[in-house]
Each structure stands twice: as C-alpha cells, then as structure tokens.
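Source file: model25.txt. Holds: compact mmCIF, C-alpha atoms.
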```txt
# COMPACT_ATOMS: atom_id res chain seq x y z
CA MET A 1 0.00 0.00 0.00
CA GLU A 2 1.46 3.34 -1.09
CA TRP A 3 0.59 5.24 2.08
CA LEU A 4 2.08 2.51 4.28
CA GLY A 5 5.30 2.37 2.29
CA LYS A 6 7.72 -0.41 3.19
CA ILE A 7 7.02 -2.46 6.29
CA PRO A 8 9.09 -5.15 8.08
CA SER A 9 8.99 -8.44 6.18
CA HIS A 10 7.62 -10.36 9.18
CA TRP A 11 4.58 -8.03 9.54
CA SER A 12 1.25 -8.93 7.94
CA VAL A 13 -1.19 -6.63 6.15
CA ARG A 14 -4.96 -7.10 6.32
CA PRO A 15 -8.11 -4.96 6.06
CA LEU A 16 -9.05 -3.20 9.25
CA LYS A 17 -12.32 -5.16 9.48
CA ARG A 18 -10.27 -8.37 9.85
CA ALA A 19 -8.41 -6.90 12.83
CA LEU A 20 -11.25 -4.92 14.40
CA ARG A 21 -14.83 -6.22 14.35
CA LEU A 22 -17.62 -3.65 14.09
CA LEU A 23 -20.06 -3.70 17.02
CA THR A 24 -23.68 -2.69 16.38
CA GLU A 25 -25.65 -4.02 19.35
CA LYS A 26 -27.64 -1.33 21.13
CA ALA A 27 -27.02 -0.89 24.85
CA ASP A 28 -29.97 -2.11 26.93
CA ARG A 29 -29.34 0.41 29.73
CA ARG A 30 -27.75 3.83 30.20
CA SER A 31 -24.35 3.19 31.74
CA ASN A 32 -21.16 5.19 31.29
CA PRO A 33 -22.29 7.04 28.14
CA VAL A 34 -19.55 8.44 25.89
CA ALA A 35 -20.03 11.11 23.21
CA LEU A 36 -17.59 12.74 20.80
CA GLU A 37 -17.18 15.69 23.16
CA ASN A 38 -15.75 13.28 25.76
CA ILE A 39 -12.72 12.44 23.62
CA GLU A 40 -9.71 14.70 23.18
CA SER A 41 -8.49 15.00 19.59
CA TRP A 42 -5.32 13.09 18.69
CA SER A 43 -4.49 11.99 22.25
CA GLY A 44 -7.51 9.74 22.81
CA ARG A 45 -7.91 10.97 26.39
CA PHE A 46 -11.32 10.82 28.03
CA ILE A 47 -12.75 14.25 28.98
CA PRO A 48 -15.54 14.20 31.59
CA THR A 49 -18.49 16.51 30.89
CA GLU A 50 -21.81 17.20 32.58
CA THR A 51 -23.82 17.07 29.36
CA GLU A 52 -26.98 14.99 29.51
CA LEU A 53 -26.70 12.60 26.56
CA VAL A 54 -29.84 11.47 24.78
CA GLY A 55 -30.48 8.65 22.34
CA ASP A 56 -29.59 4.98 22.20
CA GLY A 57 -25.93 4.07 22.24
CA ILE A 58 -23.83 1.14 21.07
CA ALA A 59 -22.67 -1.13 23.89
CA PHE A 60 -18.93 -1.53 24.38
CA GLU A 61 -16.66 -3.35 26.82
CA ARG A 62 -13.23 -2.66 28.27
CA GLY A 63 -10.64 -2.93 25.48
CA ASP A 64 -13.04 -1.92 22.68
CA ILE A 65 -12.23 1.09 20.49
CA LEU A 66 -14.52 4.01 19.69
CA PHE A 67 -13.68 5.78 16.44
CA GLY A 68 -15.39 9.13 15.77
CA LYS A 69 -16.83 8.86 12.26
CA LEU A 70 -18.20 12.44 12.19
CA ARG A 71 -15.54 14.86 11.01
CA PRO A 72 -12.79 12.24 11.26
CA TYR A 73 -10.13 14.94 10.86
CA LEU A 74 -10.70 15.60 14.56
CA ALA A 75 -9.06 12.22 15.28
CA LYS A 76 -11.25 11.18 18.20
CA VAL A 77 -10.28 7.61 19.06
CA LEU A 78 -10.96 6.21 22.53
CA LEU A 79 -9.71 2.96 24.05
CA ALA A 80 -12.43 1.96 26.51
CA GLU A 81 -11.24 1.48 30.08
CA SER A 82 -14.59 0.06 31.16
CA SER A 83 -17.92 -0.98 29.71
CA GLY A 84 -20.43 1.63 28.56
CA GLU A 85 -22.30 2.92 25.55
CA ALA A 86 -21.16 5.06 22.63
CA VAL A 87 -23.78 7.75 21.97
CA GLY A 88 -23.63 9.48 18.61
CA ASP A 89 -21.40 9.14 15.57
CA PHE A 90 -19.02 6.29 16.32
CA HIS A 91 -17.70 3.15 14.74
CA VAL A 92 -17.36 0.88 17.79
CA MET A 93 -14.84 -1.91 17.27
CA HIS A 94 -13.67 -5.01 19.13
CA PRO A 95 -10.04 -6.04 18.49
CA ALA A 96 -9.31 -9.56 17.28
CA ILE A 97 -7.54 -11.96 19.64
CA ASP A 98 -4.17 -11.27 17.98
CA VAL A 99 -4.52 -7.47 18.16
CA LEU A 100 -3.45 -5.50 21.22
CA PRO A 101 -6.11 -2.80 21.82
CA ARG A 102 -3.58 -0.11 22.78
CA PHE A 103 -1.56 -0.79 19.63
CA ALA A 104 -4.72 -0.62 17.50
CA GLN A 105 -5.61 2.75 19.03
CA TYR A 106 -2.22 4.12 18.00
CA GLN A 107 -2.77 2.76 14.48
CA LEU A 108 -6.09 4.59 14.20
CA LEU A 109 -4.49 7.81 15.48
CA GLU A 110 -1.77 7.64 12.83
CA HIS A 111 -1.85 10.90 10.86
CA THR A 112 -1.92 9.47 7.33
CA PHE A 113 -4.65 6.99 8.30
CA ILE A 114 -6.79 9.87 9.58
CA ASP A 115 -6.10 11.95 6.45
CA ILE A 116 -7.15 9.14 4.11
CA VAL A 117 -10.31 8.36 6.07
CA ASP A 118 -11.17 12.05 6.18
CA GLY A 119 -10.80 12.25 2.41
CA SER A 120 -13.44 9.53 2.03
CA THR A 121 -16.24 11.28 3.90
CA PHE A 122 -19.72 11.96 2.53
CA GLY A 123 -21.94 14.92 3.42
CA SER A 124 -20.74 18.53 3.20
CA LYS A 125 -22.10 19.99 6.45
CA MET A 126 -21.74 16.86 8.59
CA PRO A 127 -19.03 14.76 6.89
CA ARG A 128 -18.96 11.14 8.02
CA ALA A 129 -16.71 8.18 7.27
CA SER A 130 -18.52 5.00 6.23
CA TRP A 131 -17.68 1.63 7.75
CA GLU A 132 -17.35 0.24 4.23
CA PHE A 133 -14.37 2.52 3.65
CA VAL A 134 -12.89 2.43 7.15
CA GLY A 135 -13.20 -1.35 7.31
CA SER A 136 -11.35 -1.71 4.01
CA MET A 137 -8.34 0.34 5.17
CA PRO A 138 -5.21 -1.82 5.33
CA LEU A 139 -3.43 -2.26 8.65
CA ALA A 140 0.12 -3.53 9.05
CA THR A 141 0.33 -5.79 12.09
CA PRO A 142 3.28 -7.46 13.84
CA LEU A 143 3.00 -10.30 16.35
CA LEU A 144 1.49 -9.55 19.76
CA GLU A 145 4.88 -9.42 21.47
CA GLU A 146 6.05 -6.66 19.13
CA GLN A 147 2.72 -4.84 19.36
CA THR A 148 3.22 -4.77 23.13
CA ALA A 149 6.74 -3.41 22.74
CA ILE A 150 5.54 -0.70 20.34
CA ALA A 151 2.61 0.32 22.55
CA THR A 152 4.85 0.44 25.63
CA PHE A 153 7.42 2.53 23.76
CA LEU A 154 4.78 4.96 22.51
CA ASP A 155 3.13 5.22 25.92
CA ARG A 156 6.46 6.23 27.42
CA GLU A 157 7.63 8.59 24.69
CA THR A 158 4.29 10.31 24.05
CA ALA A 159 3.91 10.86 27.80
CA LYS A 160 7.21 12.77 27.76
CA ILE A 161 6.07 14.86 24.81
CA ASP A 162 2.64 15.46 26.34
CA ALA A 163 4.30 16.70 29.55
CA LEU A 164 6.35 19.21 27.53
CA ILE A 165 3.24 20.31 25.63
CA ALA A 166 1.39 20.80 28.92
CA GLU A 167 4.25 22.97 30.23
CA GLN A 168 4.17 25.18 27.15
CA GLU A 169 0.38 25.48 27.22
CA LYS A 170 0.56 26.43 30.90
CA LEU A 171 3.11 29.10 30.00
CA ILE A 172 0.84 30.44 27.24
CA ALA A 173 -2.02 30.71 29.76
CA LEU A 174 0.24 32.48 32.28
CA LEU A 175 1.40 34.93 29.61
CA ALA A 176 -2.24 35.71 28.76
CA GLU A 177 -2.93 36.33 32.46
CA LYS A 178 0.16 38.51 32.72
CA ARG A 179 -0.97 40.48 29.66
CA GLN A 180 -4.39 41.13 31.19
CA ALA A 181 -2.96 41.99 34.61
CA THR A 182 -0.47 44.44 33.07
CA ILE A 183 -3.19 46.28 31.14
CA SER A 184 -5.59 46.30 34.10
CA HIS A 185 -2.99 47.77 36.45
CA ALA A 186 -1.91 50.39 33.91
CA VAL A 187 -5.42 51.73 33.24
CA THR A 188 -6.54 51.75 36.89
CA LYS A 189 -3.35 52.60 38.84
CA GLY A 190 -1.02 54.20 36.28
CA LEU A 191 2.72 53.67 35.82
CA ASN A 192 4.13 55.64 38.75
CA PRO A 193 4.09 53.48 41.90
CA ASN A 194 4.82 56.57 44.02
CA ALA A 195 1.97 58.67 42.65
CA PRO A 196 -0.41 60.04 45.32
CA MET A 197 -3.72 58.10 45.24
CA LYS A 198 -7.33 59.00 46.02
CA ASP A 199 -10.52 57.06 46.56
CA SER A 200 -12.36 56.78 43.26
CA GLY A 201 -15.71 56.64 45.04
CA VAL A 202 -16.43 53.40 43.16
CA ALA A 203 -16.15 50.24 45.25
CA TRP A 204 -15.05 47.92 42.44
CA LEU A 205 -12.51 50.45 41.10
CA GLY A 206 -10.80 51.34 44.40
CA GLU A 207 -8.09 53.96 44.51
CA VAL A 208 -6.84 55.80 41.41
CA PRO A 209 -4.01 58.32 40.94
CA GLU A 210 -4.86 61.69 42.44
CA ARG A 211 -4.55 63.59 39.13
CA TRP A 212 -7.03 61.29 37.36
CA GLU A 213 -10.73 61.89 36.95
CA VAL A 214 -13.46 59.29 37.23
CA LYS A 215 -16.28 59.72 34.71
CA ARG A 216 -19.16 57.60 33.57
CA MET A 217 -18.91 56.12 30.08
CA LYS A 218 -21.96 58.09 28.91
CA HIS A 219 -20.15 61.36 29.63
CA LEU A 220 -17.20 60.40 27.42
CA VAL A 221 -19.09 59.80 24.18
CA ARG A 222 -20.75 62.12 21.72
CA GLU A 223 -22.82 59.47 19.96
CA SER A 224 -24.07 55.97 20.82
CA ILE A 225 -25.87 53.61 18.47
CA ALA A 226 -27.38 50.20 19.21
CA GLY A 227 -27.22 47.57 16.48
CA PRO A 228 -30.22 47.08 14.17
CA TYR A 229 -32.64 44.90 16.12
CA GLY A 230 -35.80 43.30 14.86
CA SER A 231 -36.35 42.54 11.20
CA SER A 232 -34.23 45.37 9.84
CA LEU A 233 -31.27 43.02 9.33
CA THR A 234 -31.72 39.28 8.81
CA LYS A 235 -29.50 36.55 7.39
CA SER A 236 -31.63 36.46 4.24
CA MET A 237 -30.36 39.97 3.46
CA TYR A 238 -26.71 38.95 3.37
CA GLU A 239 -24.86 39.00 0.06
CA THR A 240 -21.59 37.47 -1.16
CA SER A 241 -20.10 40.92 -1.72
CA GLY A 242 -20.88 44.58 -1.17
CA TYR A 243 -20.74 46.46 2.14
CA ARG A 244 -19.39 44.68 5.22
CA VAL A 245 -21.48 43.69 8.22
CA TYR A 246 -19.33 43.75 11.37
CA GLY A 247 -20.03 41.69 14.45
CA GLN A 248 -18.40 39.68 17.22
CA GLN A 249 -16.37 37.83 14.60
CA GLN A 250 -14.24 40.96 14.29
CA VAL A 251 -14.63 42.52 17.75
CA ILE A 252 -13.71 39.58 19.99
CA PRO A 253 -10.34 38.89 18.30
CA ASP A 254 -9.94 42.61 17.43
CA ASP A 255 -9.36 41.71 13.79
CA PHE A 256 -11.31 43.59 11.11
CA SER A 257 -9.72 41.67 8.24
CA VAL A 258 -11.83 38.55 8.87
CA GLY A 259 -15.47 37.89 8.07
CA ASP A 260 -17.58 37.41 4.97
CA TYR A 261 -20.98 38.96 5.71
CA TYR A 262 -22.09 41.66 3.27
CA ILE A 263 -25.17 43.66 2.34
CA SER A 264 -26.08 45.36 -0.92
CA GLU A 265 -25.49 49.05 -1.59
CA GLU A 266 -29.23 49.66 -1.47
CA ARG A 267 -29.49 48.03 1.96
CA PHE A 268 -26.42 49.95 3.16
CA VAL A 269 -28.03 53.27 2.19
CA ASP A 270 -31.18 52.30 4.10
CA MET A 271 -29.12 51.42 7.19
CA ILE A 272 -26.58 54.25 6.97
CA ARG A 273 -27.12 55.24 10.63
CA TYR A 274 -25.44 51.96 11.67
CA ARG A 275 -22.31 52.61 9.61
CA VAL A 276 -18.88 52.28 11.19
CA GLU A 277 -16.20 54.96 10.98
CA PRO A 278 -12.50 54.97 11.95
CA ASN A 279 -11.97 55.27 15.73
CA ASP A 280 -15.49 54.10 16.56
CA ILE A 281 -15.60 51.78 19.56
CA LEU A 282 -17.65 48.62 19.04
CA ILE A 283 -18.78 46.56 22.05
CA SER A 284 -20.31 43.08 21.99
CA VAL A 285 -23.57 42.95 23.94
CA MET A 286 -24.92 39.42 23.40
CA GLY A 287 -23.39 36.04 24.18
CA THR A 288 -19.76 36.98 24.72
CA ILE A 289 -20.39 40.37 26.29
CA GLY A 290 -18.32 43.45 27.00
CA ARG A 291 -15.48 42.90 24.53
CA ALA A 292 -14.44 46.14 22.82
CA ALA A 293 -12.52 46.95 19.63
CA VAL A 294 -11.58 50.19 17.88
CA VAL A 295 -12.40 50.49 14.19
CA PRO A 296 -9.08 50.90 12.29
CA PRO A 297 -8.47 53.81 9.88
CA ASP A 298 -8.43 51.59 6.77
CA VAL A 299 -11.69 49.75 7.53
CA GLU A 300 -13.96 48.77 4.66
CA PRO A 301 -17.31 50.62 4.65
CA GLY A 302 -19.97 48.71 6.51
CA ILE A 303 -22.47 48.55 9.37
CA ILE A 304 -22.74 46.85 12.76
CA ASN A 305 -24.96 43.84 13.35
CA PRO A 306 -27.48 43.39 16.22
CA ARG A 307 -24.86 41.90 18.57
CA LEU A 308 -22.88 45.15 18.78
CA VAL A 309 -23.27 48.70 20.00
CA LEU A 310 -21.24 51.61 18.64
CA TYR A 311 -19.76 54.60 20.47
CA ARG A 312 -18.02 57.73 19.20
CA VAL A 313 -15.91 59.32 21.90
CA ILE A 314 -15.21 62.92 22.82
CA GLU A 315 -11.55 62.84 21.86
CA ARG A 316 -10.51 65.83 23.98
CA LEU A 317 -11.46 63.67 26.99
CA VAL A 318 -10.44 60.16 26.03
CA MET A 319 -8.45 58.40 23.32
CA PRO A 320 -10.37 55.54 21.68
CA ARG A 321 -7.52 53.06 22.22
CA TYR A 322 -7.24 53.98 25.89
CA LEU A 323 -10.99 53.48 26.37
CA GLN A 324 -10.77 50.14 24.59
CA CYS A 325 -8.03 49.02 27.01
CA PHE A 326 -10.11 50.15 29.98
CA LEU A 327 -13.23 48.39 28.73
CA ASN A 328 -11.32 45.13 28.14
CA ASN A 329 -9.53 45.13 31.49
CA SER A 330 -10.58 42.55 34.09
CA THR A 331 -12.19 45.13 36.40
CA SER A 332 -14.54 46.39 33.68
CA GLN A 333 -15.27 42.85 32.54
CA ARG A 334 -16.43 41.95 36.06
CA TYR A 335 -18.73 44.97 36.02
CA PHE A 336 -20.19 43.89 32.68
CA SER A 337 -20.79 40.36 33.99
CA LEU A 338 -22.74 41.74 36.95
CA ALA A 339 -24.66 44.14 34.72
CA ALA A 340 -25.55 41.50 32.15
CA GLN A 341 -29.24 40.94 31.65
CA GLY A 342 -31.31 38.41 29.77
CA THR A 343 -32.87 35.02 30.34
CA THR A 344 -31.71 32.75 27.53
CA MET A 345 -28.30 34.35 27.14
CA GLU A 346 -26.27 37.04 28.84
CA GLY A 347 -26.80 40.48 27.36
CA LEU A 348 -25.78 44.08 27.96
CA ASN A 349 -27.85 47.18 27.34
CA MET A 350 -26.61 50.66 26.61
CA THR A 351 -27.83 51.96 29.95
CA SER A 352 -25.56 49.54 31.82
CA ILE A 353 -22.61 50.39 29.59
CA GLY A 354 -23.24 54.10 30.00
CA GLU A 355 -23.13 53.81 33.80
CA LEU A 356 -19.64 52.23 33.78
CA TYR A 357 -17.13 54.39 35.67
CA VAL A 358 -13.90 55.01 33.74
CA ALA A 359 -10.59 55.94 35.41
CA LEU A 360 -9.43 58.81 33.24
CA PRO A 361 -5.89 60.21 33.19
CA PRO A 362 -5.02 63.40 31.23
CA ILE A 363 -4.57 62.87 27.48
CA PRO A 364 -0.70 63.05 27.62
CA GLU A 365 -0.72 60.31 30.28
CA GLN A 366 -3.17 58.25 28.21
CA MET A 367 -0.65 58.40 25.34
CA GLU A 368 2.14 57.34 27.68
CA LEU A 369 0.06 54.45 29.02
CA LEU A 370 -0.80 53.26 25.51
CA GLN A 371 2.88 53.28 24.52
CA PHE A 372 3.75 51.22 27.62
CA ILE A 373 0.90 48.78 27.00
CA GLN A 374 1.96 48.31 23.38
CA GLN A 375 5.55 47.54 24.39
CA GLU A 376 4.45 45.06 27.04
CA GLU A 377 1.98 43.38 24.70
CA GLU A 378 4.63 42.99 22.00
CA LYS A 379 7.04 41.43 24.49
CA LEU A 380 4.47 39.02 25.90
CA ASP A 381 3.13 38.20 22.43
CA ARG A 382 6.64 37.24 21.26
CA LEU A 383 6.98 34.83 24.18
CA SER A 384 3.51 33.42 23.51
CA ILE A 385 4.29 32.93 19.81
CA GLU A 386 7.48 31.07 20.72
CA SER A 387 5.57 28.78 23.07
CA THR A 388 2.83 28.21 20.50
CA ARG A 389 5.47 27.29 17.93
CA ALA A 390 7.02 24.88 20.42
CA VAL A 391 3.64 23.22 20.97
CA THR A 392 3.18 22.83 17.22
CA LEU A 393 6.62 21.25 16.81
CA LEU A 394 6.06 18.90 19.74
CA LYS A 395 2.72 17.76 18.31
CA GLU A 396 4.38 17.16 14.95
CA ARG A 397 7.08 15.15 16.72
CA ARG A 398 4.43 13.11 18.54
CA SER A 399 2.59 12.38 15.29
CA ALA A 400 5.79 11.42 13.45
CA LEU A 401 6.81 9.10 16.28
CA ILE A 402 3.49 7.26 16.20
CA THR A 403 3.69 6.89 12.41
CA ALA A 404 7.25 5.55 12.57
CA ALA A 405 6.41 3.04 15.28
CA VAL A 406 3.11 1.61 13.98
CA THR A 407 4.41 1.24 10.42
CA GLY A 408 7.68 -0.40 11.46
CA GLN A 409 9.98 2.42 10.36
CA ILE A 410 11.72 2.13 13.72
CA ASP A 411 12.39 -1.10 15.60
CA VAL A 412 11.63 -0.72 19.30
CA ARG A 413 11.92 -4.36 20.33
CA ASN A 414 15.42 -4.06 21.78
CA LEU A 415 14.97 -0.67 23.44
CA THR A 416 15.57 -0.95 27.17
CA PRO A 417 12.53 0.18 29.18
CA GLU A 418 13.25 3.05 31.53
CA ILE A 419 13.40 2.19 35.24
CA PRO A 420 11.04 4.42 37.24
CA ALA A 421 12.80 6.76 39.62
```

What does this structure look like when you write it as structure tokens?
Amino acid sequence: MEWLGKIPSHWSVRPLKRALRLLTEKADRRSNPVALENIESWSGRFIPTETELVGDGIAFERGDILFGKLRPYLAKVLLAESSGEAVGDFHVMHPAIDVLPRFAQYQLLEHTFIDIVDGSTFGSKMPRASWEFVGSMPLATPLLEEQTAIATFLDRETAKIDALIAEQEKLIALLAEKRQATISHAVTKGLNPNAPMKDSGVAWLGEVPERWEVKRMKHLVRESIAGPYGSSLTKSMYETSGYRVYGQQQVIPDDFSVGDYYISEERFVDMIRYRVEPNDILISVMGTIGRAAVVPPDVEPGIINPRLVLYRVIERLVMPRYLQCFLNNSTSQRYFSLAAQGTTMEGLNMTSIGELYVALPPIPEQMELLQFIQQEEEKLDRLSIESTRAVTLLKERRSALITAAVTGQIDVRNLTPEIPA
C-alpha cells in the first residue's frame, strides 16, 4: 500500500475489518455514556463533561475502540477502560484476539490513516466516514509481542512529549494572564508606583491616581448607536459581496480583516445610521459580552450587526484606544458580567454600559500608558508565539513518532525500558 510504504517483512497486512470487528448491538441500559465531546483529539484521552446525553448508544466493553466517524479529521479515538455505551457518531470496534487494543488505538491515530479516512467522507455539512471505507483500510500488524513493545514505547515517549506540551500550554495561559494583569494595572493605577492616590468613590474600582478623573462612560461619548434589532437586518439579506457587516467575529479577536458577511449598496443606504467609521468603539452585547474593539483607519465601509453597539468618543477627553483598554480590562469585565441581563443568554444594554465608571488620566498620560501597553503586549506576544510554535513542533514530533512506530519504520523491540525513579 502506497501510504504505508515499506514495512518489516515479518509483519502482515490485512483490512481493518479483519483486525477490528464492528459492534452494532444497542445498549440495553444507560451506563457510562460516551459522546464525541468526551474524547480529546489526537491523544484519545477521556474528557468528563456534565452534558446529559440522549439517544440509544452502542454497547462496548473494556478494550473496545470508539472511532469518531463524524468529522474524522478531529481524530477522536478512545480505548475503553470500562464498559459503557457510545452515543452518537461512532464506529465501535472489538479487536481480534491477535490485536493489542492499545496498539490498535495508536494505528487509528496515525496521521496518514486519519487523512485518508477524512478524504473519504460523505456529506458537506456533517461529513462522516462509512464503515465500508474504514473497514477496508489496510493495517500492518506485527505479532502480539512486538505490538506490546511498540505500545509500551509509545506510551512512554508520548507521555514525555505530552508533559512538555502541557508545560508550554501552561506558559501560554500564564502569559495571557500577565498580559491582562499588566493592562488592568496600567489603566486603573497608572505607571508611577509613588503617585499620590485617592478614593475613586467606586467600590469595584478602588483607589486611582490623584490627578485622574473618574467619569461615567456616557459622559465620554458624543454618539451611541445600538445595532439594528428586529427585522431590519436578517441573514436572508446577506450578500456574497458589497458592504461589510461587522459583528463579534471581528470585535472579539480585534481583527477587522476577517469575516464574509455583506449587504447590498441599497441596503447599506437604508441602514446608513449603523455605519462604522474609523476610531469608533464597538462593544459586543450578546453572548460573549463586554469585549471592545476600535475600528481601524483603513476599515472597509460597513455597518454593525445586532450583537454590537457603537460609540463615538469625545476625543478631547479620552483616546479611543485607551478606552478600549479600559473596557477590556478585568475590572470592567467583572462589572459587565454583573450588569448582564437576559434570560436565555447574557446580554448588555446601553444603559448599563453608559453607567460604567472610567478611570481617566489626562490625554498626555493616556498616550504614555498606551505606549507602555503596546511595548508590554509585543514582548508578551513574542513569548507566547514562541511557546505556540514549540507546541506545534512537539505535536508534529508526537505524530511522526506514532507513524514511525506503527508502520515499522523504527524497531523498538530491543529498546531498554526506563526504570522508574
């Protein structure tokens, strides 16, 4: 088989269905249900959730393998540690007597295997892999003794890699926390640790530098516009080109280059009051609430959608970028969470946003703070990018190691097992 390449001469090749028998018997009782959301991609780890699963599942026993057939590129493959039922889109398989379950799981997590299965899927919105195709996939299999050696080797080596990945991901999370803490301190306490302080008069804001003012948001803006609610903007009005419709897709990541929602010129003229202009502040008010972004100077003409509100600031009082930083800091975000209203989903209204107290330094100090924040963000972002790159390389290393081991490119039989410390 071309994708397998050369394999050791003493290994055999057979269709997957000869090594792993498909199970189809429905479970007669709800016990230990497993859904796709319970399986971590590529690692095969079980992830507990509190979701109430509905529907009949396929019964499985300890040592059986659950292969996620919906969107197989997600590589969700679980080796069952106990009996239960697979609820949802799974091929549930029982290994043959000469197949070690742990070795078979590594085979099904092999990157090329996943790529080929993913290329066979049917259905555009919910692509699934058929058993006819999956069962026909060839597997290269050594004797049980060598399968055990390979699985033991991969358990040990992938655990080392996973530990390094976890360290880097922890560092990325700490850098994100440091980024937020740096911004929050800058926009509520300033840069001078020796500056005289005063009580802001706002319990959740605490003390602020003596020279700063504290003003409500509504006193810092010259215009405020809520997104077009009701039937004035519906999905049926969207076009493939024309004038942009901006929403949380741009505001949450603060990236106005993404997104593909448009309206016609005629519709844009009708909804001109909702247009965005450079330096406007957009705030998300439904679902993910309270996130703010400043419209860049080179933005494409467009309007806001119903999930946003728009503010135009009084620039002699506050710089848009400074206000964005204050709105996105952890203190303001806590205020927004408390102010959120709604029954089916959290939501903010313009009254709540307008009542937010803003710690306001003089304009020259706002400029100084923004320069400091930019420098700190660039430094922390560089470290985060390095860690993200390290995670990517480690995952590639993990994938390559599994491929080499389960296809016989490396011989692990004579590798001495490590003695636990």

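When atom CA of A:Trp131 is paired with atom CA of A:His91, their separation reads 7.2 Å.
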
Can you list every residue of stretch 296-408 of chain A that has an atom at most 8 Å from stretch 101-112 of chain A, with its nearest atom pair and the distance in Å to one decimal, using all atoms listed in the file, ordered by chain then number, as a Markdown table?
```
| residue | atom | partner | partner_atom | distance |
| --- | --- | --- | --- | --- |
| A:Ser399 | CA | A:His111 | CA | 6.4 |
| A:Ile402 | CA | A:Glu110 | CA | 6.3 |
| A:Thr403 | CA | A:Glu110 | CA | 5.5 |
| A:Val406 | CA | A:Gln107 | CA | 6.0 |
```

Leaving out A:Arg273 and any residue of its chain fewer than 6 positions from it, which residues lie within 12 Å of it when counting only C-alpha atoms, given as a count of residues only? 12

Straight-line distance linking atom CA of A:Glu368 with atom CA of A:Asp254, stated in Å to one decimal: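 Computing it gives 21.6 Å between the two atoms.
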
A:Ser31, A:Ala176, A:Asn192, A:Leu205: which is nearest A:Glu376, counting all atoms listed in the file?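 Residue with the minimum atom-to-atom distance to A:Glu376: A:Ala176.
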
Do you know which residues are at most 6 Å from A:Leu220 counting all atoms listed in the file, after dropping those on the same chain fewer than 3 positions away, and could you put them as a PyMOL selection string? chain A and resi 217+313-314

Given the selection you just returned, output its residues as a file containing C-alpha atoms, formatted as a PDB file, in the frame of the given file.
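Okay, part-v6.pdb is ready:
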```pdb
ATOM      1  CA  MET A 217     -18.910  56.120  30.080  1.00  0.00           C
ATOM      2  CA  VAL A 313     -15.910  59.320  21.900  1.00  0.00           C
ATOM      3  CA  ILE A 314     -15.210  62.920  22.820  1.00  0.00           C
TER       4      ILE A 314
END
```

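Among the candidate residues A:Lys178, A:Lys235, A:Arg275, A:Lys69, the one lying nearest to A:Ser120 is A:Lys69, with distances computed using all atoms listed in the file.
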
State, in Å with one decimal place, the distance from atom CA of A:Gly290 to atom CA of A:Phe336.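 Rounded to one decimal, the two atoms are 6.0 Å apart.
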